[in-house]
$ cat final.cif   # mmCIF, C-alpha atoms; chains and numbers go by the auth columns
data_entry
loop_
_atom_site.group_PDB
_atom_site.id
_atom_site.type_symbol
_atom_site.label_atom_id
_atom_site.label_comp_id
_atom_site.label_asym_id
_atom_site.label_seq_id
_atom_site.Cartn_x
_atom_site.Cartn_y
_atom_site.Cartn_z
_atom_site.B_iso_or_equiv
_atom_site.auth_seq_id
_atom_site.auth_asym_id
ATOM 1 C CA MET A 1 0.000 0.000 0.000 0.00 1217 V
ATOM 2 C CA LYS A 2 0.997 3.611 -0.442 0.00 1218 V
ATOM 3 C CA LEU A 3 0.145 6.873 1.228 0.00 1219 V
ATOM 4 C CA GLY A 4 -1.828 9.301 -0.911 0.00 1220 V
ATOM 5 C CA ARG A 5 -3.974 12.389 -0.730 0.00 1221 V
ATOM 6 C CA ILE A 6 -7.327 12.760 -2.468 0.00 1222 V
ATOM 7 C CA SER A 7 -6.937 15.652 -4.887 0.00 1223 V
ATOM 8 C CA GLY A 8 -9.754 15.192 -7.356 0.00 1224 V
ATOM 9 C CA THR A 9 -12.513 13.154 -8.941 0.00 1225 V
ATOM 10 C CA VAL A 10 -12.832 11.647 -12.406 0.00 1226 V
ATOM 11 C CA VAL A 11 -16.308 11.858 -13.917 0.00 1227 V
ATOM 12 C CA SER A 12 -17.006 9.261 -16.571 0.00 1228 V
ATOM 13 C CA THR A 13 -20.198 8.186 -18.329 0.00 1229 V
ATOM 14 C CA ILE A 14 -18.774 5.627 -20.716 0.00 1230 V
ATOM 15 C CA GLN A 15 -16.762 3.130 -18.709 0.00 1231 V
ATOM 16 C CA HIS A 16 -16.220 -0.555 -18.127 0.00 1232 V
ATOM 17 C CA PRO A 17 -19.406 -2.014 -16.545 0.00 1233 V
ATOM 18 C CA SER A 18 -17.471 -3.095 -13.434 0.00 1234 V
ATOM 19 C CA LEU A 19 -16.828 0.584 -12.651 0.00 1235 V
ATOM 20 C CA ASP A 20 -20.499 1.577 -12.679 0.00 1236 V
ATOM 21 C CA GLY A 21 -21.549 2.984 -9.308 0.00 1237 V
ATOM 22 C CA HIS A 22 -17.993 3.447 -8.095 0.00 1238 V
ATOM 23 C CA GLN A 23 -16.321 6.779 -7.349 0.00 1239 V
ATOM 24 C CA LEU A 24 -13.018 7.325 -9.152 0.00 1240 V
ATOM 25 C CA ARG A 25 -10.581 9.540 -7.258 0.00 1241 V
ATOM 26 C CA VAL A 26 -7.395 11.259 -8.321 0.00 1242 V
ATOM 27 C CA VAL A 27 -4.929 10.322 -5.571 0.00 1243 V
ATOM 28 C CA ASP A 28 -1.601 12.177 -5.334 0.00 1244 V
ATOM 29 C CA LEU A 29 1.065 9.835 -3.985 0.00 1245 V
ATOM 30 C CA LEU A 30 3.016 10.962 -0.908 0.00 1246 V
ATOM 31 C CA ASP A 31 6.487 10.140 0.383 0.00 1247 V
ATOM 32 C CA VAL A 32 7.096 9.246 4.031 0.00 1248 V
ATOM 33 C CA SER A 33 7.539 12.913 4.905 0.00 1249 V
ATOM 34 C CA GLY A 34 4.015 13.550 3.626 0.00 1250 V
ATOM 35 C CA ALA A 35 5.167 15.502 0.558 0.00 1251 V
ATOM 36 C CA PRO A 36 3.733 14.783 -2.913 0.00 1252 V
ATOM 37 C CA THR A 37 6.058 12.629 -5.025 0.00 1253 V
ATOM 38 C CA GLY A 38 4.632 14.071 -8.256 0.00 1254 V
ATOM 39 C CA GLY A 39 3.028 10.736 -9.089 0.00 1255 V
ATOM 40 C CA TYR A 40 -0.669 9.936 -8.944 0.00 1256 V
ATOM 41 C CA VAL A 41 -3.130 7.131 -9.522 0.00 1257 V
ATOM 42 C CA ILE A 42 -6.791 7.071 -10.401 0.00 1258 V
ATOM 43 C CA ALA A 43 -8.249 4.788 -7.771 0.00 1259 V
ATOM 44 C CA VAL A 44 -11.653 3.321 -6.994 0.00 1260 V
ATOM 45 C CA ASP A 45 -12.839 4.765 -3.689 0.00 1261 V
ATOM 46 C CA SER A 46 -14.274 1.909 -1.656 0.00 1262 V
ATOM 47 C CA ILE A 47 -14.757 3.864 1.588 0.00 1263 V
ATOM 48 C CA GLY A 48 -16.029 7.357 0.757 0.00 1264 V
ATOM 49 C CA ALA A 49 -12.908 9.452 1.308 0.00 1265 V
ATOM 50 C CA SER A 50 -13.173 13.226 1.016 0.00 1266 V
ATOM 51 C CA HIS A 51 -11.085 15.736 -0.883 0.00 1267 V
ATOM 52 C CA GLY A 52 -7.835 16.512 0.908 0.00 1268 V
ATOM 53 C CA GLN A 53 -7.852 13.444 3.115 0.00 1269 V
ATOM 54 C CA THR A 54 -4.738 11.311 3.473 0.00 1270 V
ATOM 55 C CA VAL A 55 -5.525 7.756 2.474 0.00 1271 V
ATOM 56 C CA LEU A 56 -4.067 4.322 2.071 0.00 1272 V
ATOM 57 C CA VAL A 57 -4.138 3.323 -1.568 0.00 1273 V
ATOM 58 C CA LEU A 58 -3.423 -0.124 -2.837 0.00 1274 V
ATOM 59 C CA ASP A 59 -2.100 -0.741 -6.342 0.00 1275 V
ATOM 60 C CA GLU A 60 -2.458 -4.468 -6.891 0.00 1276 V
ATOM 61 C CA GLY A 61 -5.213 -5.975 -8.969 0.00 1277 V
ATOM 62 C CA SER A 62 -6.067 -9.185 -7.152 0.00 1278 V
ATOM 63 C CA SER A 63 -6.673 -7.348 -3.878 0.00 1279 V
ATOM 64 C CA ALA A 64 -8.632 -4.621 -5.630 0.00 1280 V
ATOM 65 C CA ARG A 65 -10.948 -7.193 -7.194 0.00 1281 V
ATOM 66 C CA GLN A 66 -11.364 -8.815 -3.783 0.00 1282 V
ATOM 67 C CA VAL A 67 -12.350 -5.508 -2.152 0.00 1283 V
ATOM 68 C CA MET A 68 -14.782 -4.769 -4.997 0.00 1284 V
ATOM 69 C CA ALA A 69 -16.132 -8.325 -4.791 0.00 1285 V
ATOM 70 C CA ASP A 70 -15.950 -8.473 -8.580 0.00 1286 V
ATOM 71 C CA ALA A 71 -13.624 -11.030 -10.150 0.00 1287 V
ATOM 72 C CA ASN A 72 -13.928 -9.276 -13.512 0.00 1288 V
ATOM 73 C CA ALA A 73 -13.122 -5.708 -12.434 0.00 1289 V
ATOM 74 C CA PRO A 74 -10.215 -4.297 -14.461 0.00 1290 V
ATOM 75 C CA VAL A 75 -8.943 -2.307 -11.503 0.00 1291 V
ATOM 76 C CA ARG A 76 -5.547 -2.156 -9.782 0.00 1292 V
ATOM 77 C CA ALA A 77 -5.729 0.930 -7.604 0.00 1293 V
ATOM 78 C CA ILE A 78 -8.239 1.192 -4.784 0.00 1294 V
ATOM 79 C CA VAL A 79 -8.556 3.411 -1.706 0.00 1295 V
ATOM 80 C CA VAL A 80 -8.740 1.095 1.301 0.00 1296 V
ATOM 81 C CA GLY A 81 -8.300 3.365 4.309 0.00 1297 V
ATOM 82 C CA ILE A 82 -8.440 6.923 5.633 0.00 1298 V
ATOM 83 C CA VAL A 83 -5.272 7.718 7.569 0.00 1299 V
ATOM 84 C CA ASP A 84 -5.642 9.101 11.093 0.00 1300 V
ATOM 85 C CA GLU A 85 -1.980 9.267 12.009 0.00 1301 V
ATOM 86 C CA VAL A 86 1.439 8.492 10.573 0.00 1302 V
ATOM 87 C CA ARG A 87 4.527 8.444 12.742 0.00 1303 V
ATOM 88 C CA VAL A 88 7.969 8.046 11.149 0.00 1304 V
ATOM 89 C CA ASP A 89 11.128 7.968 13.274 0.00 1305 V
ATOM 90 C CA GLY A 90 9.152 9.265 16.236 0.00 1306 V
ATOM 91 C CA THR A 91 7.744 12.255 14.333 0.00 1307 V
ATOM 92 C CA ASP A 92 4.074 12.669 13.497 0.00 1308 V
ATOM 93 C CA LEU A 93 3.275 13.632 9.911 0.00 1309 V
ATOM 94 C CA ASP A 94 0.637 16.229 9.168 0.00 1310 V
ATOM 95 C CA VAL A 95 -2.111 14.125 7.616 0.00 1311 V
ATOM 96 C CA THR A 96 -4.901 16.683 7.814 0.00 1312 V
ATOM 97 C CA MET B 1 -5.291 3.798 -13.562 0.00 392 P
ATOM 98 C CA GLN B 2 -3.815 6.781 -15.348 0.00 393 P
ATOM 99 C CA LEU B 3 -5.148 9.564 -17.549 0.00 394 P
ATOM 100 C CA ALA B 4 -4.236 9.650 -21.247 0.00 395 P
ATOM 101 C CA ASP B 5 -5.161 11.259 -24.543 0.00 396 P
ATOM 102 C CA VAL B 6 -5.891 9.014 -27.513 0.00 397 P
ATOM 103 C CA ILE B 7 -3.488 10.192 -30.209 0.00 398 P
ATOM 104 C CA GLY B 8 -3.695 7.381 -32.743 0.00 399 P
ATOM 105 C CA THR B 9 -4.764 3.907 -33.742 0.00 400 P
ATOM 106 C CA VAL B 10 -2.935 0.703 -34.638 0.00 401 P
ATOM 107 C CA VAL B 11 -4.178 -1.904 -37.084 0.00 402 P
ATOM 108 C CA ALA B 12 -2.657 -5.392 -36.968 0.00 403 P
ATOM 109 C CA THR B 13 -4.177 -8.124 -39.075 0.00 404 P
ATOM 110 C CA GLN B 14 -1.893 -10.876 -37.865 0.00 405 P
ATOM 111 C CA LYS B 15 -1.872 -11.108 -34.093 0.00 406 P
ATOM 112 C CA SER B 16 -1.949 -13.477 -31.131 0.00 407 P
ATOM 113 C CA GLU B 17 -4.862 -15.769 -30.524 0.00 408 P
ATOM 114 C CA GLY B 18 -7.657 -14.094 -28.580 0.00 409 P
ATOM 115 C CA LEU B 19 -6.943 -10.632 -29.930 0.00 410 P
ATOM 116 C CA ASP B 20 -9.292 -10.883 -32.922 0.00 411 P
ATOM 117 C CA GLY B 21 -11.663 -7.954 -32.910 0.00 412 P
ATOM 118 C CA VAL B 22 -9.645 -6.021 -30.338 0.00 413 P
ATOM 119 C CA ARG B 23 -9.001 -2.401 -31.308 0.00 414 P
ATOM 120 C CA PHE B 24 -5.658 -0.849 -30.476 0.00 415 P
ATOM 121 C CA LEU B 25 -5.156 2.808 -29.620 0.00 416 P
ATOM 122 C CA ILE B 26 -2.012 4.874 -29.159 0.00 417 P
ATOM 123 C CA LEU B 27 -2.199 6.720 -25.849 0.00 418 P
ATOM 124 C CA GLN B 28 -0.186 9.647 -24.589 0.00 419 P
ATOM 125 C CA PRO B 29 -0.153 9.278 -20.788 0.00 420 P
ATOM 126 C CA LEU B 30 -0.848 12.488 -18.837 0.00 421 P
ATOM 127 C CA ASP B 31 0.071 13.818 -15.435 0.00 422 P
ATOM 128 C CA ARG B 32 -2.791 14.815 -13.177 0.00 423 P
ATOM 129 C CA SER B 33 -2.775 18.341 -14.596 0.00 424 P
ATOM 130 C CA GLY B 34 -3.404 16.966 -18.067 0.00 425 P
ATOM 131 C CA GLU B 35 0.118 17.571 -19.365 0.00 426 P
ATOM 132 C CA PRO B 36 1.851 14.815 -21.405 0.00 427 P
ATOM 133 C CA SER B 37 4.001 12.605 -19.185 0.00 428 P
ATOM 134 C CA GLY B 38 6.210 9.791 -20.449 0.00 429 P
ATOM 135 C CA ASN B 39 6.207 7.913 -23.719 0.00 430 P
ATOM 136 C CA PRO B 40 3.114 6.882 -25.697 0.00 431 P
ATOM 137 C CA VAL B 41 1.870 3.321 -25.270 0.00 432 P
ATOM 138 C CA VAL B 42 -0.371 1.038 -27.305 0.00 433 P
ATOM 139 C CA ALA B 43 -3.507 -0.014 -25.442 0.00 434 P
ATOM 140 C CA ALA B 44 -6.461 -2.262 -26.185 0.00 435 P
ATOM 141 C CA ASP B 45 -9.811 -0.457 -26.232 0.00 436 P
ATOM 142 C CA ALA B 46 -11.989 -2.347 -23.752 0.00 437 P
ATOM 143 C CA LEU B 47 -14.887 0.033 -24.475 0.00 438 P
ATOM 144 C CA PHE B 48 -14.838 -0.488 -28.266 0.00 439 P
ATOM 145 C CA THR B 49 -15.885 3.146 -28.620 0.00 440 P
ATOM 146 C CA ALA B 50 -12.882 5.314 -27.728 0.00 441 P
ATOM 147 C CA GLY B 51 -11.392 7.391 -30.520 0.00 442 P
ATOM 148 C CA VAL B 52 -8.639 9.808 -31.416 0.00 443 P
ATOM 149 C CA GLY B 53 -8.870 13.100 -29.545 0.00 444 P
ATOM 150 C CA GLU B 54 -10.657 11.709 -26.527 0.00 445 P
ATOM 151 C CA ARG B 55 -9.351 11.844 -22.970 0.00 446 P
ATOM 152 C CA VAL B 56 -9.504 8.430 -21.329 0.00 447 P
ATOM 153 C CA TYR B 57 -8.196 6.477 -18.377 0.00 448 P
ATOM 154 C CA PHE B 58 -6.442 3.166 -18.730 0.00 449 P
ATOM 155 C CA VAL B 59 -5.324 0.266 -16.577 0.00 450 P
ATOM 156 C CA SER B 60 -1.969 -1.487 -16.920 0.00 451 P
ATOM 157 C CA SER B 61 -0.390 -4.912 -16.399 0.00 452 P
ATOM 158 C CA ARG B 62 -2.454 -8.058 -15.795 0.00 453 P
ATOM 159 C CA GLU B 63 -5.632 -6.070 -15.119 0.00 454 P
ATOM 160 C CA ALA B 64 -5.611 -4.795 -18.699 0.00 455 P
ATOM 161 C CA ALA B 65 -6.521 -8.245 -19.995 0.00 456 P
ATOM 162 C CA VAL B 66 -9.252 -8.573 -17.354 0.00 457 P
ATOM 163 C CA ALA B 67 -10.982 -5.624 -19.041 0.00 458 P
ATOM 164 C CA LEU B 68 -11.416 -7.526 -22.309 0.00 459 P
ATOM 165 C CA PRO B 69 -14.111 -10.056 -23.187 0.00 460 P
ATOM 166 C CA GLU B 70 -11.448 -12.773 -23.547 0.00 461 P
ATOM 167 C CA GLN B 71 -9.401 -12.449 -20.349 0.00 462 P
ATOM 168 C CA PHE B 72 -6.372 -14.630 -21.077 0.00 463 P
ATOM 169 C CA VAL B 73 -4.853 -12.499 -23.790 0.00 464 P
ATOM 170 C CA PRO B 74 -1.453 -10.819 -24.132 0.00 465 P
ATOM 171 C CA VAL B 75 -2.386 -7.206 -23.400 0.00 466 P
ATOM 172 C CA ASP B 76 -0.641 -4.855 -20.959 0.00 467 P
ATOM 173 C CA HIS B 77 -2.661 -1.637 -21.256 0.00 468 P
ATOM 174 C CA ALA B 78 -6.420 -1.242 -21.735 0.00 469 P
ATOM 175 C CA VAL B 79 -8.703 1.785 -21.954 0.00 470 P
ATOM 176 C CA VAL B 80 -11.508 1.302 -19.412 0.00 471 P
ATOM 177 C CA GLY B 81 -13.211 4.704 -19.369 0.00 472 P
ATOM 178 C CA ILE B 82 -13.760 7.929 -21.286 0.00 473 P
ATOM 179 C CA VAL B 83 -13.274 11.051 -19.172 0.00 474 P
ATOM 180 C CA ASP B 84 -16.133 13.554 -19.040 0.00 475 P
ATOM 181 C CA GLU B 85 -14.381 15.756 -16.531 0.00 476 P
ATOM 182 C CA VAL B 86 -11.530 15.717 -14.008 0.00 477 P
ATOM 183 C CA GLU B 87 -12.346 17.851 -10.991 0.00 478 P
ATOM 184 C CA ILE B 88 -9.127 18.876 -9.240 0.00 479 P
ATOM 185 C CA GLY B 89 -9.198 20.873 -6.034 0.00 480 P
#
$ encode --input "final.cif" --output "structure tokens"
Amino acid sequence: MKLGRISGTVVSTIQHPSLDGHQLRVVDLLDVSGAPTGGYVIAVDSIGASHGQTVLVLDEGSSARQVMADANAPVRAIVVGIVDEVRVDGTDLDVT
Amino acid sequence: MQLADVIGTVVATQKSEGLDGVRFLILQPLDRSGEPSGNPVVAADALFTAGVGERVYFVSSREAAVALPEQFVPVDHAVVGIVDEVEIG
């Protein structure tokens, strides 16, 4: 899993049927200091995260299909948690 | 999944088993601001409707083949959605 921050939403009418009813979020990836790495993923939001929240994002297809309970979902990236706190080397990161 | 612009098409008559009827598109991957990022890739069109000039999102690696009707095919990128809008901020 990786740390990310919800920075946007992708709106799509024409999409693979497995994605119907799912929110697609733009997730900026973060390093362990909490700074954006410059990378991003478009991830299915399985938990209802809000804009600006720090999240756990998973980028592995088998697990994503398991979370979506859809063996045919062509999805790798999925938001699986909202981060309350991150502590690295005894220092708390700002995750708000 | 990543954002991309469809910049071209590829036609291949002779191809691996299972790829009959699959359309191939040339995608320019984008960063989250919509600027080109990295080299173009060839992707299967899992929607069968995407065309040049459209902004799409695509999935890579094993999950690309899962997007297609025949799931055990040699494909590493597939278009799975056409973007109406990306709301940032």
$ atom_distance --input "final.cif" --atom1 "CA of Gly1268 in chain V" --atom2 "CA of Val397 in chain P"
29.5 Å
$ interface_residues --input "final.cif" --of "chain V" --to "chain P" --cutoff "12 Å" --atoms "all atoms listed in the file" --output "NGL selection string"
:V and (1221-1236 or 1240-1245 or 1254-1260 or 1266-1269 or 1274-1281 or 1286-1294)
$ atom_distance --input "final.cif" --atom1 "CA of Leu1272 in chain V" --atom2 "CA of Thr1312 in chain V"
13.7 Å
$ atom_distance --input "final.cif" --atom1 "CA of Val433 in chain P" --atom2 "CA of Leu418 in chain P"
6.1 Å
$ residues_around --input "final.cif" --residues "Ala434 in chain P" --least-positions-apart "5" --cutoff "6 Å" --atoms "only C-alpha atoms" --output "ChimeraX atom specification"
/P:415-416,468-469
$ closest_residue --input "final.cif" --among "P:Ala395, P:Val464, P:Gln405, P:Gly442" --to "Pro420 in chain P" --atoms "only C-alpha atoms"
P:Ala395
$ resolve_selection --input "final.cif" --expression "the PyMOL selection byres ((chain V and resi 1247) around 12)" --output "MDAnalysis selection string"
chainID V and resid 1218:1221 1244:1246 1248:1256 1270 1302 1304 1309 1311
$ closest_residue --input "final.cif" --among "P:Ala403, P:Glu408, P:Gln419, P:Val413" --to "Gly444 in chain P" --atoms "all atoms listed in the file"
P:Gln419
$ closest_residue --input "final.cif" --among "P:Val443, P:Asp396, P:Gly409, P:Val401" --to "Pro427 in chain P" --atoms "only C-alpha atoms"
P:Asp396
